[in-house]
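Reviewing the structure listed below.
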Amino acid sequence: MTVQTIVSDVKGRVEPLVAKGQEVVTVSVDTLLKANDVVVDGVTTVVKTQVEAGKDLFAAAQASFEKAKSAGIKAVVASPIEYLPDGRERVVSAYNDTVTVVTKTGEEVVKIVKEGYETVTATLTGVPVAAKAAPAKKPAPRKAPAAKKRTAKKAA
């Protein structure tokens, strides 16, 4: 074998691997960018929800303080519960919204990463990603034709 034959043989074997590697990198980067967009949107939504809840609670506390200040110490000592800010519903609402957003974001990220992994695996193995088929339906039970039933009855 000549050196030129060896070089062309190695080159022929390496070029497909390089092409697959480049495709894997492209798919991986695209997957990470998609996942990043979903996470950033989720975090932005959570931050907005929490900031709005914080503003509402601060406004309620400030109003309660002003109410207590104008009523005087004796009135506050006599009935302190009337001067507490009411923000329980807002806190619970913000918590529930946050749980919903975090759950939804996590599910979307898992879906994106799973799709990216399947694409990378398909690229490396050379097997195309199969389209997800609908669940197979069970075939309906076959009934014997009426003529065969009559023949079976006569034979019996």
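Order determines the names: the first chain of the structure tokens is A, the second B, and so forth; residues in each chain are numbered 1 upward, and ligands are numbered 1 upward as they are shown.
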> Got a sec: who's within 8 Å of segment 29-46 of chain A, counting only C-alpha atoms, leaving out chain neighbours fewer than 3 positions off, as a count of residues only?
Replying inline: 14
